[in-house]
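First comes the structure, then the notes that go with it.
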Amino acid sequence: MSEKGSSTRVQVAIVGAGPAGLLLGQLLHRAGIDTVILEQRSAEYVLSRIRAGVLEQGTVDLLDEAGVGRRLHAEGLVHGGIELCFDGRRHRIDMQGLTGKTVTVYGQTEVTRDLMDARAAAGAKTVYEAEQVSLHDFDGDSPSVRYRKDGVEHEVRCDFIAGCDGFHGVSRASVPSGAIETYERVYPFGWLGILADVPPVSHELIYANHERGFALCSMRSPTRSRYYVQCSLEDRVEDWSDDRFWEELKRRLDHEAVANLVTGPSIEKSIAPLRSFVAEPMRFGRLMLAGDAAHIVPPTGAKGLNLAASDIHYLSRALIDHYRSGTMREIDHYSARCLRRVWKAVRFSWWMTSMLHRFPDTGEFGQKIQEAELDYVVGSQAASTALAENYVGLPFET
């Protein structure tokens, strides 16, 4: 039997302690806005999630604004380009030369750790292992969030709720079905990824199109690499020994990359299905969705974490403006501003996925079209620039 616990009040209740929720909490704390973050999982579980780590310049700038960029700049790897591999040869896209911008490789786990440390240092409240979280009255002026912790019921009354709790979280599920529209595409394959303490095969990412399927060579540091191969959705991790993975990766890379590849035991191995998903709008009264709670993109374009940061850019500014001006003008624009950028990123991620993967119905004609598309991208400055400016991140709307 649960006991009746506390009833507290904050200005903004944030559901979810992933990068989106933590970044929002940090930006609002620095602006003097009182928040609480409620997270279903433990802090250790949140840090154990292996995710992407290619940060757009805008995301790096936002982390600097939040005061958590010191370790990122000390340990992150700045990249000025990527390489596309097809027909057995690599071609470099000079993103910095074409756009003047770079990306930084710095793992999402490290971003999360930095934000957790900053929140703890600030003395701001995060409740981990908050059970049975429920959202109430966000269609009026007095929303609240209820949860249970250690068998005790708690209520948080607030001005706004930020739903940053991911695709499977309670925030989007709390919206009446008639008020939200969803758009989805599920891709007929997954990515088998491994993490290994071996040096990267190249100093920049390699995206490979091959008749056997897509491959990606990435990294987390100069001594830790992240590799992926396209696989069937019917595959299981248990089907893939380390030796089988390395041999399959070698088949999909060019000769130089194979010669430079250092193999070793995996320290993490998983299969991720690919999907595109968008829910709109992203605001429902005094509930705002952000990050994976509102949209999912396939990882081919390195947009997932960056889109979450983009949402937080707009949401933090809207909330700060509300508390300074007393108006809802920026909050009223939140959803539309986010979605314009979201759909452009969804388009880019879909395009990269379509160009680089072998689909079940690709066939010889489809393979030739992919090769022609890749040849055009690497041979045309206009096409290379279009790829580069999307990859490094489109500018925020003002």
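Identifiers in the structure tokens: chain A, B, ... in order shown; residue index from 1 per chain; ligand index from 1 in order shown.
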Residue neighbourhood Asp292 (chain A), 8 Å, only C-alpha atoms, exclusion window fewer than 3 positions, as JSON, numbers by chain: {"A": [164, 165, 166, 167, 295, 296, 304, 308]}
Do a neighbour search on Gln108 (chain A) at 7 Å with only C-alpha atoms, toss out local chain neighbours closer than 2 positions, and write the hits as a ChimeraX atom specification. /A:51-53,106,110-112
Any chance you could export the current selection's N, CA and C atoms as a PDB file, in the first residue's frame?
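Everything below was put into part.pdb:
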ATOM      1  N   ARG A  51      25.013   5.254 -27.283  1.00  0.00           N
ATOM      2  CA  ARG A  51      24.354   5.989 -28.359  1.00  0.00           C
ATOM      3  C   ARG A  51      25.410   6.690 -29.209  1.00  0.00           C
ATOM      4  N   ALA A  52      24.917   7.441 -30.167  1.00  0.00           N
ATOM      5  CA  ALA A  52      25.789   8.113 -31.127  1.00  0.00           C
ATOM      6  C   ALA A  52      26.628   9.201 -30.466  1.00  0.00           C
ATOM      7  N   GLY A  53      27.541   9.750 -31.244  1.00  0.00           N
ATOM      8  CA  GLY A  53      28.400  10.761 -30.662  1.00  0.00           C
ATOM      9  C   GLY A  53      28.976  11.751 -31.638  1.00  0.00           C
ATOM     10  N   TYR A 106      32.106  13.013 -29.856  1.00  0.00           N
ATOM     11  CA  TYR A 106      32.140  12.970 -28.394  1.00  0.00           C
ATOM     12  C   TYR A 106      30.911  12.186 -27.971  1.00  0.00           C
ATOM     13  N   GLU A 110      29.155  10.474 -22.648  1.00  0.00           N
ATOM     14  CA  GLU A 110      29.990  11.506 -22.017  1.00  0.00           C
ATOM     15  C   GLU A 110      29.221  12.819 -21.875  1.00  0.00           C
ATOM     16  N   VAL A 111      28.411  13.164 -22.874  1.00  0.00           N
ATOM     17  CA  VAL A 111      27.553  14.346 -22.769  1.00  0.00           C
ATOM     18  C   VAL A 111      26.636  14.203 -21.559  1.00  0.00           C
ATOM     19  N   THR A 112      26.020  13.018 -21.435  1.00  0.00           N
ATOM     20  CA  THR A 112      25.114  12.773 -20.313  1.00  0.00           C
ATOM     21  C   THR A 112      25.843  12.880 -18.982  1.00  0.00           C
TER      22      THR A 112
END
Counting only C-alpha atoms, which residues in region 239-296 of chain A sit no more than 10 Å from region 340-353 of chain A? For each one, give the nearest pair of atoms and the distance in Å, sorted by chain then residue number, as a Markdown table.
| residue | atom | partner | partner_atom | distance |
| --- | --- | --- | --- | --- |
| A:Leu274 | CA | A:Thr353 | CA | 9.3 |
| A:Arg275 | CA | A:Trp350 | CA | 9.2 |
| A:Ser276 | CA | A:Val346 | CA | 6.9 |
| A:Phe277 | CA | A:Val346 | CA | 8.3 |
| A:Val278 | CA | A:Trp343 | CA | 8.1 |
| A:Gly291 | CA | A:Val342 | CA | 9.9 |
| A:Ala294 | CA | A:Val342 | CA | 9.5 |
| A:His295 | CA | A:Val342 | CA | 7.7 |
| A:Ile296 | CA | A:Val346 | CA | 8.2 |
Please provide the set of residues having any atom within 12 Å of Met328 (chain A), restricted to only C-alpha atoms, with same-chain residues fewer than 2 positions apart removed, written as a PDB file with all heavy atoms, in the first residue's frame.
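Listing of result_0.pdb after writing:
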ATOM      1  N   ASP A 159       4.341  25.068 -13.653  1.00  0.00           N
ATOM      2  CA  ASP A 159       3.780  25.920 -14.714  1.00  0.00           C
ATOM      3  C   ASP A 159       3.776  25.200 -16.057  1.00  0.00           C
ATOM      4  O   ASP A 159       2.872  25.389 -16.871  1.00  0.00           O
ATOM      5  CB  ASP A 159       4.599  27.203 -14.854  1.00  0.00           C
ATOM      6  CG  ASP A 159       4.626  28.036 -13.588  1.00  0.00           C
ATOM      7  OD1 ASP A 159       3.611  28.028 -12.853  1.00  0.00           O
ATOM      8  OD2 ASP A 159       5.665  28.687 -13.327  1.00  0.00           O
ATOM      9  N   PHE A 160       4.828  24.409 -16.299  1.00  0.00           N
ATOM     10  CA  PHE A 160       4.989  23.709 -17.573  1.00  0.00           C
ATOM     11  C   PHE A 160       5.578  22.323 -17.331  1.00  0.00           C
ATOM     12  O   PHE A 160       6.306  22.105 -16.348  1.00  0.00           O
ATOM     13  CB  PHE A 160       5.931  24.483 -18.518  1.00  0.00           C
ATOM     14  CG  PHE A 160       5.449  25.855 -18.873  1.00  0.00           C
ATOM     15  CD1 PHE A 160       5.896  26.964 -18.168  1.00  0.00           C
ATOM     16  CD2 PHE A 160       4.545  26.049 -19.917  1.00  0.00           C
ATOM     17  CE1 PHE A 160       5.462  28.241 -18.484  1.00  0.00           C
ATOM     18  CE2 PHE A 160       4.092  27.316 -20.235  1.00  0.00           C
ATOM     19  CZ  PHE A 160       4.551  28.416 -19.526  1.00  0.00           C
ATOM     20  N   GLY A 285      -0.972  22.503 -24.916  1.00  0.00           N
ATOM     21  CA  GLY A 285      -1.192  23.348 -23.748  1.00  0.00           C
ATOM     22  C   GLY A 285       0.131  23.665 -23.080  1.00  0.00           C
ATOM     23  O   GLY A 285       1.000  24.306 -23.658  1.00  0.00           O
ATOM     24  N   ARG A 286       0.309  23.169 -21.853  1.00  0.00           N
ATOM     25  CA  ARG A 286       1.535  23.445 -21.107  1.00  0.00           C
ATOM     26  C   ARG A 286       2.466  22.230 -21.044  1.00  0.00           C
ATOM     27  O   ARG A 286       3.367  22.180 -20.199  1.00  0.00           O
ATOM     28  CB  ARG A 286       1.194  23.957 -19.712  1.00  0.00           C
ATOM     29  CG  ARG A 286       0.627  25.392 -19.784  1.00  0.00           C
ATOM     30  CD  ARG A 286       0.230  25.950 -18.449  1.00  0.00           C
ATOM     31  NE  ARG A 286      -0.127  27.366 -18.593  1.00  0.00           N
ATOM     32  CZ  ARG A 286       0.589  28.376 -18.124  1.00  0.00           C
ATOM     33  NH1 ARG A 286       1.717  28.147 -17.484  1.00  0.00           N
ATOM     34  NH2 ARG A 286       0.190  29.620 -18.288  1.00  0.00           N
ATOM     35  N   LEU A 315      13.163  25.330 -26.904  1.00  0.00           N
ATOM     36  CA  LEU A 315      12.335  25.251 -25.704  1.00  0.00           C
ATOM     37  C   LEU A 315      12.910  26.085 -24.567  1.00  0.00           C
ATOM     38  O   LEU A 315      12.170  26.798 -23.867  1.00  0.00           O
ATOM     39  CB  LEU A 315      12.188  23.793 -25.272  1.00  0.00           C
ATOM     40  CG  LEU A 315      11.306  23.528 -24.049  1.00  0.00           C
ATOM     41  CD1 LEU A 315       9.935  24.174 -24.191  1.00  0.00           C
ATOM     42  CD2 LEU A 315      11.170  22.031 -23.795  1.00  0.00           C
ATOM     43  N   ARG A 317      14.771  28.729 -24.739  1.00  0.00           N
ATOM     44  CA  ARG A 317      14.578  30.156 -25.034  1.00  0.00           C
ATOM     45  C   ARG A 317      13.126  30.573 -24.879  1.00  0.00           C
ATOM     46  O   ARG A 317      12.834  31.684 -24.417  1.00  0.00           O
ATOM     47  CB  ARG A 317      15.094  30.458 -26.450  1.00  0.00           C
ATOM     48  CG  ARG A 317      16.607  30.643 -26.469  1.00  0.00           C
ATOM     49  CD  ARG A 317      17.254  30.290 -27.790  1.00  0.00           C
ATOM     50  NE  ARG A 317      18.702  30.547 -27.736  1.00  0.00           N
ATOM     51  CZ  ARG A 317      19.573  29.784 -27.079  1.00  0.00           C
ATOM     52  NH1 ARG A 317      19.145  28.730 -26.405  1.00  0.00           N
ATOM     53  NH2 ARG A 317      20.861  30.077 -27.086  1.00  0.00           N
ATOM     54  N   ALA A 318      12.210  29.685 -25.260  1.00  0.00           N
ATOM     55  CA  ALA A 318      10.788  30.005 -25.110  1.00  0.00           C
ATOM     56  C   ALA A 318      10.406  30.132 -23.637  1.00  0.00           C
ATOM     57  O   ALA A 318       9.674  31.051 -23.250  1.00  0.00           O
ATOM     58  CB  ALA A 318       9.947  28.927 -25.789  1.00  0.00           C
ATOM     59  N   LEU A 319      10.902  29.216 -22.804  1.00  0.00           N
ATOM     60  CA  LEU A 319      10.575  29.275 -21.386  1.00  0.00           C
ATOM     61  C   LEU A 319      11.246  30.465 -20.701  1.00  0.00           C
ATOM     62  O   LEU A 319      10.621  31.146 -19.868  1.00  0.00           O
ATOM     63  CB  LEU A 319      10.987  27.964 -20.707  1.00  0.00           C
ATOM     64  CG  LEU A 319      10.129  26.745 -21.089  1.00  0.00           C
ATOM     65  CD1 LEU A 319      10.793  25.456 -20.621  1.00  0.00           C
ATOM     66  CD2 LEU A 319       8.718  26.865 -20.510  1.00  0.00           C
ATOM     67  N   ILE A 320      12.483  30.725 -21.032  1.00  0.00           N
ATOM     68  CA  ILE A 320      13.174  31.881 -20.450  1.00  0.00           C
ATOM     69  C   ILE A 320      12.464  33.173 -20.842  1.00  0.00           C
ATOM     70  O   ILE A 320      12.255  34.077 -20.008  1.00  0.00           O
ATOM     71  CB  ILE A 320      14.650  31.900 -20.886  1.00  0.00           C
ATOM     72  CG1 ILE A 320      15.395  30.726 -20.226  1.00  0.00           C
ATOM     73  CG2 ILE A 320      15.322  33.225 -20.515  1.00  0.00           C
ATOM     74  CD1 ILE A 320      16.775  30.468 -20.810  1.00  0.00           C
ATOM     75  N   ASP A 321      12.045  33.278 -22.103  1.00  0.00           N
ATOM     76  CA  ASP A 321      11.308  34.471 -22.552  1.00  0.00           C
ATOM     77  C   ASP A 321       9.998  34.604 -21.778  1.00  0.00           C
ATOM     78  O   ASP A 321       9.608  35.720 -21.397  1.00  0.00           O
ATOM     79  CB  ASP A 321      11.025  34.371 -24.052  1.00  0.00           C
ATOM     80  CG  ASP A 321      10.199  35.544 -24.556  1.00  0.00           C
ATOM     81  OD1 ASP A 321      10.775  36.631 -24.774  1.00  0.00           O
ATOM     82  OD2 ASP A 321       8.962  35.385 -24.702  1.00  0.00           O
ATOM     83  N   HIS A 322       9.319  33.482 -21.529  1.00  0.00           N
ATOM     84  CA  HIS A 322       8.043  33.549 -20.794  1.00  0.00           C
ATOM     85  C   HIS A 322       8.251  34.129 -19.401  1.00  0.00           C
ATOM     86  O   HIS A 322       7.485  35.003 -18.964  1.00  0.00           O
ATOM     87  CB  HIS A 322       7.425  32.151 -20.677  1.00  0.00           C
ATOM     88  CG  HIS A 322       6.301  32.090 -19.704  1.00  0.00           C
ATOM     89  ND1 HIS A 322       5.034  32.555 -19.993  1.00  0.00           N
ATOM     90  CD2 HIS A 322       6.253  31.634 -18.415  1.00  0.00           C
ATOM     91  CE1 HIS A 322       4.263  32.388 -18.930  1.00  0.00           C
ATOM     92  NE2 HIS A 322       4.955  31.829 -17.967  1.00  0.00           N
ATOM     93  N   TYR A 323       9.282  33.665 -18.707  1.00  0.00           N
ATOM     94  CA  TYR A 323       9.487  34.136 -17.335  1.00  0.00           C
ATOM     95  C   TYR A 323      10.035  35.553 -17.282  1.00  0.00           C
ATOM     96  O   TYR A 323       9.902  36.232 -16.266  1.00  0.00           O
ATOM     97  CB  TYR A 323      10.379  33.156 -16.576  1.00  0.00           C
ATOM     98  CG  TYR A 323       9.637  31.895 -16.211  1.00  0.00           C
ATOM     99  CD1 TYR A 323       9.931  30.685 -16.846  1.00  0.00           C
ATOM    100  CD2 TYR A 323       8.602  31.908 -15.279  1.00  0.00           C
ATOM    101  CE1 TYR A 323       9.234  29.526 -16.531  1.00  0.00           C
ATOM    102  CE2 TYR A 323       7.891  30.764 -14.966  1.00  0.00           C
ATOM    103  CZ  TYR A 323       8.209  29.576 -15.594  1.00  0.00           C
ATOM    104  OH  TYR A 323       7.507  28.439 -15.295  1.00  0.00           O
ATOM    105  N   ARG A 324      10.624  36.012 -18.363  1.00  0.00           N
ATOM    106  CA  ARG A 324      11.115  37.394 -18.406  1.00  0.00           C
ATOM    107  C   ARG A 324      10.057  38.368 -18.894  1.00  0.00           C
ATOM    108  O   ARG A 324       9.990  39.507 -18.431  1.00  0.00           O
ATOM    109  CB  ARG A 324      12.364  37.476 -19.294  1.00  0.00           C
ATOM    110  CG  ARG A 324      13.586  36.821 -18.652  1.00  0.00           C
ATOM    111  CD  ARG A 324      14.790  36.845 -19.575  1.00  0.00           C
ATOM    112  NE  ARG A 324      15.963  36.256 -18.912  1.00  0.00           N
ATOM    113  CZ  ARG A 324      17.104  35.969 -19.530  1.00  0.00           C
ATOM    114  NH1 ARG A 324      17.236  36.216 -20.829  1.00  0.00           N
ATOM    115  NH2 ARG A 324      18.108  35.442 -18.854  1.00  0.00           N
ATOM    116  N   SER A 325       9.236  37.923 -19.871  1.00  0.00           N
ATOM    117  CA  SER A 325       8.277  38.840 -20.490  1.00  0.00           C
ATOM    118  C   SER A 325       6.859  38.655 -19.976  1.00  0.00           C
ATOM    119  O   SER A 325       6.013  39.542 -20.139  1.00  0.00           O
ATOM    120  CB  SER A 325       8.278  38.643 -22.006  1.00  0.00           C
ATOM    121  OG  SER A 325       7.684  37.397 -22.350  1.00  0.00           O
ATOM    122  N   GLY A 326       6.584  37.471 -19.383  1.00  0.00           N
ATOM    123  CA  GLY A 326       5.229  37.194 -18.925  1.00  0.00           C
ATOM    124  C   GLY A 326       4.269  36.833 -20.037  1.00  0.00           C
ATOM    125  O   GLY A 326       3.061  36.722 -19.805  1.00  0.00           O
ATOM    126  N   GLU A 330       6.763  33.136 -27.433  1.00  0.00           N
ATOM    127  CA  GLU A 330       7.765  32.189 -27.920  1.00  0.00           C
ATOM    128  C   GLU A 330       7.296  30.748 -27.739  1.00  0.00           C
ATOM    129  O   GLU A 330       7.594  29.888 -28.575  1.00  0.00           O
ATOM    130  CB  GLU A 330       9.102  32.409 -27.207  1.00  0.00           C
ATOM    131  CG  GLU A 330       9.751  33.751 -27.517  1.00  0.00           C
ATOM    132  CD  GLU A 330      10.033  33.912 -29.004  1.00  0.00           C
ATOM    133  OE1 GLU A 330      10.605  32.975 -29.602  1.00  0.00           O
ATOM    134  OE2 GLU A 330       9.673  34.963 -29.570  1.00  0.00           O
ATOM    135  N   ILE A 331       6.579  30.478 -26.674  1.00  0.00           N
ATOM    136  CA  ILE A 331       6.035  29.141 -26.468  1.00  0.00           C
ATOM    137  C   ILE A 331       5.036  28.800 -27.568  1.00  0.00           C
ATOM    138  O   ILE A 331       4.976  27.659 -28.049  1.00  0.00           O
ATOM    139  CB  ILE A 331       5.410  29.035 -25.071  1.00  0.00           C
ATOM    140  CG1 ILE A 331       6.517  29.059 -24.013  1.00  0.00           C
ATOM    141  CG2 ILE A 331       4.556  27.778 -24.930  1.00  0.00           C
ATOM    142  CD1 ILE A 331       6.046  29.175 -22.602  1.00  0.00           C
ATOM    143  N   ASP A 332       4.262  29.800 -28.003  1.00  0.00           N
ATOM    144  CA  ASP A 332       3.309  29.573 -29.086  1.00  0.00           C
ATOM    145  C   ASP A 332       3.999  29.174 -30.387  1.00  0.00           C
ATOM    146  O   ASP A 332       3.406  28.498 -31.238  1.00  0.00           O
ATOM    147  CB  ASP A 332       2.470  30.825 -29.326  1.00  0.00           C
ATOM    148  CG  ASP A 332       1.458  31.082 -28.215  1.00  0.00           C
ATOM    149  OD1 ASP A 332       1.154  30.125 -27.467  1.00  0.00           O
ATOM    150  OD2 ASP A 332       0.998  32.230 -28.083  1.00  0.00           O
ATOM    151  N   HIS A 333       5.261  29.583 -30.584  1.00  0.00           N
ATOM    152  CA  HIS A 333       6.002  29.263 -31.818  1.00  0.00           C
ATOM    153  C   HIS A 333       6.850  28.000 -31.682  1.00  0.00           C
ATOM    154  O   HIS A 333       7.458  27.564 -32.662  1.00  0.00           O
ATOM    155  CB  HIS A 333       6.931  30.431 -32.188  1.00  0.00           C
ATOM    156  CG  HIS A 333       6.212  31.681 -32.591  1.00  0.00           C
ATOM    157  ND1 HIS A 333       5.286  31.720 -33.612  1.00  0.00           N
ATOM    158  CD2 HIS A 333       6.285  32.947 -32.107  1.00  0.00           C
ATOM    159  CE1 HIS A 333       4.824  32.960 -33.754  1.00  0.00           C
ATOM    160  NE2 HIS A 333       5.413  33.719 -32.848  1.00  0.00           N
ATOM    161  N   TYR A 334       6.911  27.433 -30.477  1.00  0.00           N
ATOM    162  CA  TYR A 334       7.850  26.336 -30.223  1.00  0.00           C
ATOM    163  C   TYR A 334       7.688  25.178 -31.195  1.00  0.00           C
ATOM    164  O   TYR A 334       8.644  24.740 -31.843  1.00  0.00           O
ATOM    165  CB  TYR A 334       7.692  25.846 -28.771  1.00  0.00           C
ATOM    166  CG  TYR A 334       8.416  24.543 -28.515  1.00  0.00           C
ATOM    167  CD1 TYR A 334       9.807  24.497 -28.488  1.00  0.00           C
ATOM    168  CD2 TYR A 334       7.718  23.349 -28.337  1.00  0.00           C
ATOM    169  CE1 TYR A 334      10.480  23.295 -28.267  1.00  0.00           C
ATOM    170  CE2 TYR A 334       8.386  22.153 -28.115  1.00  0.00           C
ATOM    171  CZ  TYR A 334       9.759  22.131 -28.088  1.00  0.00           C
ATOM    172  OH  TYR A 334      10.432  20.948 -27.904  1.00  0.00           O
TER     173      TYR A 334
END
Minimum-distance residue to His203 (chain A), chosen among A:Cys217, A:Ala279, A:Ala118, A:Leu387 (using only C-alpha atoms):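 When distances to His203 (chain A) are compared using only C-alpha atoms, the smallest one comes from A:Cys217.
Counting only C-alpha atoms, the residue from A:Glu44, A:Glu155, A:Glu65, A:Glu39 that sits nearest to Ala130 (chain A) is A:Glu39.
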Test item, strand (DSSP E or B) assignment across region 92-310 of chain A, answer as a count of residues only: 86
Residues within 9 Å of Ile369 (chain A), only C-alpha atoms, excluding chain neighbours under 5 positions, as a ChimeraX atom specification: /A:355,364,374
